[in-house]
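Working notes, structure below.
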Amino acid sequence: MGSGGQDVSAHLQSALVREAALSRLLLGAARMLGETLDPARVYERFREILADAIQHDGLIISSYDPTTGTIRCDYAWADGKTLDVATFPTLALNPSGGMQSEVIRTGRPFLTNDVARHVSEPGTYYDVDASGELRKVPESGPPDARAAMMVPVKFEGTVVGVVQAMTDSGTYYADDLEVFEGLVGQMAAAVRNARLHEERTRLEAREAAAHAVAAEREQAAQILEAVGDGIALIDEDGVIQFWNRAAEVLTGVAAAGLPAADVFRDWDALVARVPITAEHTPPRAATLPVEIRNRELWLSFVAVRATTGVVYAFRDESRERALDDAKSDFLATVSHELRTPMAAVFGAAQTLLRDDVQLSELQRQELLEMISSQATRLAHITDDVLLANSLDRGDLRVDATEIELDVLVREFVQAELPNVQLHLDGGNVFGDRGRVQQVLTIVLDNAVKYGGARITVTTERGDDVVRVSVADDGIGISMADRLRVFEKFFRADPQHERSPKGTGLGLYIARELVERMRGRMGVSSQPGVGSTFWFELPTR
């Protein structure tokens, strides 16, 4: 083989050796760069690998956003020190000049060993030293770099970044650019993998956070469903976005999705009277009459501002309101009941004490009897109030012994009201004899006050019970009053127009006593015809 053939052979052998070395370099780079999923660490390892392959005094890795046409520095290293990328300004792509812009526009790598000449051309150029000081060139003087290589980073054929290496004293050759391109390709693939991992991690974290928020909201919704107060979230358009089970039970309306005005009559006027709690201030409740689907309720509202509207918590205070009204009626009734006997006692006593009036023995006796009877009446009122209080506290003792009920009723009625008709066929029951007499007293007194001329007492045996009925032919009781007649403080005649006596506690006491003897009590009535109050006691 001649010398020419030997030269060709040597050249081919050298090329093969170089290709093999480049392959080993790129394979090692891929292995090292793939060991981390942190983009910043990938950049550092890339620079370390590059230092063993190509001499350089500076390295800049930039990303390019095609949608905005801007170039941003992602990594910078100069004179042995990693620099703060925040000191590098975001640059706009130069449509006609600039080394970096040219690489992005053409998608081809760039090599120069005369940086000073290129920065004198139109464009924006910066130089930076190890201190991180950034200066614009050539206005502030010539660049420190003598040679530079720039390689585009592509994704699916589109340039998405540029990597540039610079040296202050060396020279770059085509072989250096080839190695640089290969290493940049490995680095770009590793960065893409790292960023995909970051994105996947962010998505997983976001999904986990979303699941946690959903679970928290579900738990909050379950709690709101379980609380006894009605809870409603009403948005800015006045539409009910949340309506818990308690709200549905309280109002009788499944209102979620409905305008609040469709549920609450005069909603605008109502909501204007409910103060919305400001931040860091205790809530203030407003108790208001509310009409819901032709029902009137007294609701206590608390309102708190939320991000999507206003949360209203409300509870039904209709019973408390009715109880307050009943208490007011009771106080008025008791005051009225006490005033009359006390006035009589006071007047009679004052008359007996006068020295200027001569009273006959008969007159003195009548005054003394008046004092006695009115004092007895006062004692009965006091007893009723104390007994009702004992029943409320649950500390009233009721015995259970066998009672000959017919005998008890006959003896008691004939002694108190001999003109009452009796029809007795009941037999024995178990209860408290004194409390049974007390119940009879209350029911018969009620029949006398509100009944007519004829009162009938009947006992009859049923299944394991004996029923005692007291019927009259009086004014009767309306349906509305029949539903409330056993309530504490209730009076069918609250203004005392038909009878001056009564605290509104009698029938409440009677029913409570019967129930404590394991019985039950009720009433049937027809207005204008009469009423029948009955109670049942067990036979065993």
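Residues are named by chain letter and number: chains run A, B, ... in the order of the structure tokens, numbers start at 1 in each chain, and ligands are numbered from 1 in the order shown.
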task = Could you give me, as a PyMOL selection string, the residues within 7 Å of Ser525 in chain A, counting only C-alpha atoms and dropping anything in the same chain fewer than 6 positions from it?
result = chain A and resi 476-477+531-532
Could the residues in this selection be written to a file with C-alpha atoms, as a PDB file, in the first residue's frame?
```pdb
ATOM      1  CA  GLY A 476    -116.903  22.903  74.661  1.00  0.00           C
ATOM      2  CA  ILE A 477    -113.352  23.403  73.415  1.00  0.00           C
ATOM      3  CA  SER A 531    -116.448  18.216  76.696  1.00  0.00           C
ATOM      4  CA  THR A 532    -115.319  14.873  78.095  1.00  0.00           C
TER       5      THR A 532
END
```
query = Hey, which of A:Arg195, A:Arg273, A:His56, A:Arg454 ends up closest to Asp168 in chain A? Count only C-alpha atoms.
reply =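 Smallest distance to Asp168 in chain A is found for A:His56.
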query = Which is closer to Leu196 in chain A than all the others in A:Asp38, A:Glu139, A:Glu460, A:Glu156, using only C-alpha atoms?
reply =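 When distances to Leu196 in chain A are compared using only C-alpha atoms, the smallest one comes from A:Asp38.
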task = Excluding range 370-387 of chain A and residues on its chain fewer than 4 positions from it, collect all residues at most 8 Å away from it, counting only C-alpha atoms, and give them as a PyMOL selection string.
result = chain A and resi 334+337-338+341-342+344-345+348-349+366+391+503+505-506+509
inquiry  = Residues near Glu317 in chain A, anyone? I mean within 10 Å using only C-alpha atoms, not counting same-chain ones fewer than 6 positions away, as a list of chain:residue names.
reply    = A:Thr287, A:Leu288, A:Pro289, A:Leu297, A:Trp298, A:Leu299, A:Ser300, A:Leu323
key: All alpha helix (DSSP H) residues (DSSP, backbone) inside range 279-494 of chain A, as JSON, numbers by chain   = {"A": [318, 319, 320, 321, 322, 323, 324, 325, 326, 327, 328, 329, 330, 331, 332, 333, 334, 335, 336, 337, 338, 339, 340, 341, 342, 343, 344, 345, 346, 347, 348, 349, 350, 351, 352, 353, 361, 362, 363, 364, 365, 366, 367, 368, 369, 370, 371, 372, 373, 374, 375, 376, 377, 378, 379, 380, 381, 382, 383, 384, 385, 386, 387, 388, 389, 390, 391, 392, 393, 405, 406, 407, 408, 409, 410, 411, 412, 413, 414, 415, 416, 433, 434, 435, 436, 437, 438, 439, 440, 441, 442, 443, 444, 445, 446, 447, 448, 449, 450, 479, 480, 481, 482]}
Write to file, as an mmCIF file, in the first residue's frame, the residues of the selection just made, with C-alpha atoms.
```
data_model
loop_
_atom_site.group_PDB
_atom_site.id
_atom_site.type_symbol
_atom_site.label_atom_id
_atom_site.label_comp_id
_atom_site.auth_asym_id
_atom_site.auth_seq_id
_atom_site.Cartn_x
_atom_site.Cartn_y
_atom_site.Cartn_z
ATOM 1 C CA SER A 318 -90.973 28.902 68.281
ATOM 2 C CA ARG A 319 -91.458 26.733 71.377
ATOM 3 C CA GLU A 320 -89.245 28.978 73.478
ATOM 4 C CA ARG A 321 -91.168 31.970 72.189
ATOM 5 C CA ALA A 322 -94.477 30.272 72.962
ATOM 6 C CA LEU A 323 -93.154 29.330 76.392
ATOM 7 C CA ASP A 324 -92.153 32.947 77.032
ATOM 8 C CA ASP A 325 -95.624 34.047 75.988
ATOM 9 C CA ALA A 326 -97.153 31.381 78.207
ATOM 10 C CA LYS A 327 -95.004 32.499 81.121
ATOM 11 C CA SER A 328 -96.140 36.063 80.579
ATOM 12 C CA ASP A 329 -99.745 34.868 80.513
ATOM 13 C CA PHE A 330 -99.089 32.813 83.653
ATOM 14 C CA LEU A 331 -97.644 35.770 85.515
ATOM 15 C CA ALA A 332 -100.635 37.856 84.503
ATOM 16 C CA THR A 333 -102.983 35.061 85.540
ATOM 17 C CA VAL A 334 -101.290 34.421 88.886
ATOM 18 C CA SER A 335 -101.209 38.141 89.578
ATOM 19 C CA HIS A 336 -104.933 38.290 88.851
ATOM 20 C CA GLU A 337 -105.624 35.171 90.927
ATOM 21 C CA LEU A 338 -103.630 36.464 93.877
ATOM 22 C CA ARG A 339 -104.976 39.993 93.761
ATOM 23 C CA THR A 340 -108.630 39.060 94.397
ATOM 24 C CA PRO A 341 -108.229 36.859 97.523
ATOM 25 C CA MET A 342 -105.519 39.086 98.925
ATOM 26 C CA ALA A 343 -107.758 42.134 98.520
ATOM 27 C CA ALA A 344 -110.594 40.249 100.237
ATOM 28 C CA VAL A 345 -108.354 39.105 103.105
ATOM 29 C CA PHE A 346 -106.867 42.573 103.504
ATOM 30 C CA GLY A 347 -110.283 44.270 103.431
ATOM 31 C CA ALA A 348 -111.840 41.867 105.937
ATOM 32 C CA ALA A 349 -108.878 42.132 108.294
ATOM 33 C CA GLN A 350 -108.885 45.929 108.108
ATOM 34 C CA THR A 351 -112.604 45.960 108.905
ATOM 35 C CA LEU A 352 -112.142 43.691 111.925
ATOM 36 C CA LEU A 353 -109.352 45.921 113.205
ATOM 37 C CA GLU A 361 -121.217 38.710 115.998
ATOM 38 C CA LEU A 362 -122.708 37.500 112.705
ATOM 39 C CA GLN A 363 -120.797 40.136 110.732
ATOM 40 C CA ARG A 364 -117.536 39.244 112.493
ATOM 41 C CA GLN A 365 -118.140 35.579 111.724
ATOM 42 C CA GLU A 366 -118.765 36.315 108.045
ATOM 43 C CA LEU A 367 -115.566 38.344 107.797
ATOM 44 C CA LEU A 368 -113.560 35.591 109.465
ATOM 45 C CA GLU A 369 -115.032 32.984 107.126
ATOM 46 C CA MET A 370 -114.103 35.216 104.172
ATOM 47 C CA ILE A 371 -110.515 35.405 105.413
ATOM 48 C CA SER A 372 -110.403 31.621 105.848
ATOM 49 C CA SER A 373 -111.846 30.817 102.406
ATOM 50 C CA GLN A 374 -109.628 33.308 100.589
ATOM 51 C CA ALA A 375 -106.561 32.090 102.475
ATOM 52 C CA THR A 376 -107.456 28.567 101.379
ATOM 53 C CA ARG A 377 -107.690 29.813 97.798
ATOM 54 C CA LEU A 378 -104.228 31.400 98.110
ATOM 55 C CA ALA A 379 -102.882 28.134 99.495
ATOM 56 C CA HIS A 380 -104.303 26.225 96.495
ATOM 57 C CA ILE A 381 -102.630 28.634 94.051
ATOM 58 C CA THR A 382 -99.323 28.250 95.880
ATOM 59 C CA ASP A 383 -99.693 24.467 95.939
ATOM 60 C CA ASP A 384 -100.327 24.366 92.186
ATOM 61 C CA VAL A 385 -97.199 26.386 91.442
ATOM 62 C CA LEU A 386 -95.017 24.305 93.790
ATOM 63 C CA LEU A 387 -96.430 21.028 92.437
ATOM 64 C CA ALA A 388 -95.807 22.071 88.821
ATOM 65 C CA ASN A 389 -92.232 22.937 89.770
ATOM 66 C CA SER A 390 -91.757 19.519 91.393
ATOM 67 C CA LEU A 391 -93.098 17.809 88.284
ATOM 68 C CA ASP A 392 -90.696 19.794 86.086
ATOM 69 C CA ARG A 393 -87.743 18.778 88.257
ATOM 70 C CA LEU A 405 -111.337 2.928 92.001
ATOM 71 C CA ASP A 406 -115.146 2.830 91.950
ATOM 72 C CA VAL A 407 -115.284 3.206 95.740
ATOM 73 C CA LEU A 408 -112.791 6.090 95.654
ATOM 74 C CA VAL A 409 -114.700 7.902 92.899
ATOM 75 C CA ARG A 410 -118.096 7.445 94.582
ATOM 76 C CA GLU A 411 -116.920 8.643 97.997
ATOM 77 C CA PHE A 412 -114.992 11.570 96.583
ATOM 78 C CA VAL A 413 -117.654 12.817 94.152
ATOM 79 C CA GLN A 414 -120.557 12.445 96.563
ATOM 80 C CA ALA A 415 -118.637 14.381 99.185
ATOM 81 C CA GLU A 416 -117.646 17.204 96.829
ATOM 82 C CA ARG A 433 -104.727 7.190 95.962
ATOM 83 C CA GLY A 434 -103.958 10.793 96.903
ATOM 84 C CA ARG A 435 -102.825 11.655 93.347
ATOM 85 C CA VAL A 436 -105.951 10.047 91.830
ATOM 86 C CA GLN A 437 -108.097 12.239 94.091
ATOM 87 C CA GLN A 438 -106.020 15.234 92.995
ATOM 88 C CA VAL A 439 -106.646 14.432 89.327
ATOM 89 C CA LEU A 440 -110.379 14.031 89.985
ATOM 90 C CA THR A 441 -110.429 17.380 91.786
ATOM 91 C CA ILE A 442 -108.807 19.140 88.820
ATOM 92 C CA VAL A 443 -111.042 17.549 86.187
ATOM 93 C CA LEU A 444 -114.252 18.099 88.164
ATOM 94 C CA ASP A 445 -113.261 21.700 88.957
ATOM 95 C CA ASN A 446 -112.682 22.266 85.257
ATOM 96 C CA ALA A 447 -116.120 20.790 84.446
ATOM 97 C CA VAL A 448 -117.789 23.041 87.016
ATOM 98 C CA LYS A 449 -116.042 26.175 85.736
ATOM 99 C CA TYR A 450 -116.596 25.584 82.031
ATOM 100 C CA MET A 479 -109.907 22.165 67.919
ATOM 101 C CA ALA A 480 -107.014 24.610 68.286
ATOM 102 C CA ASP A 481 -107.427 24.748 72.068
ATOM 103 C CA ARG A 482 -107.788 20.949 72.346
#
```
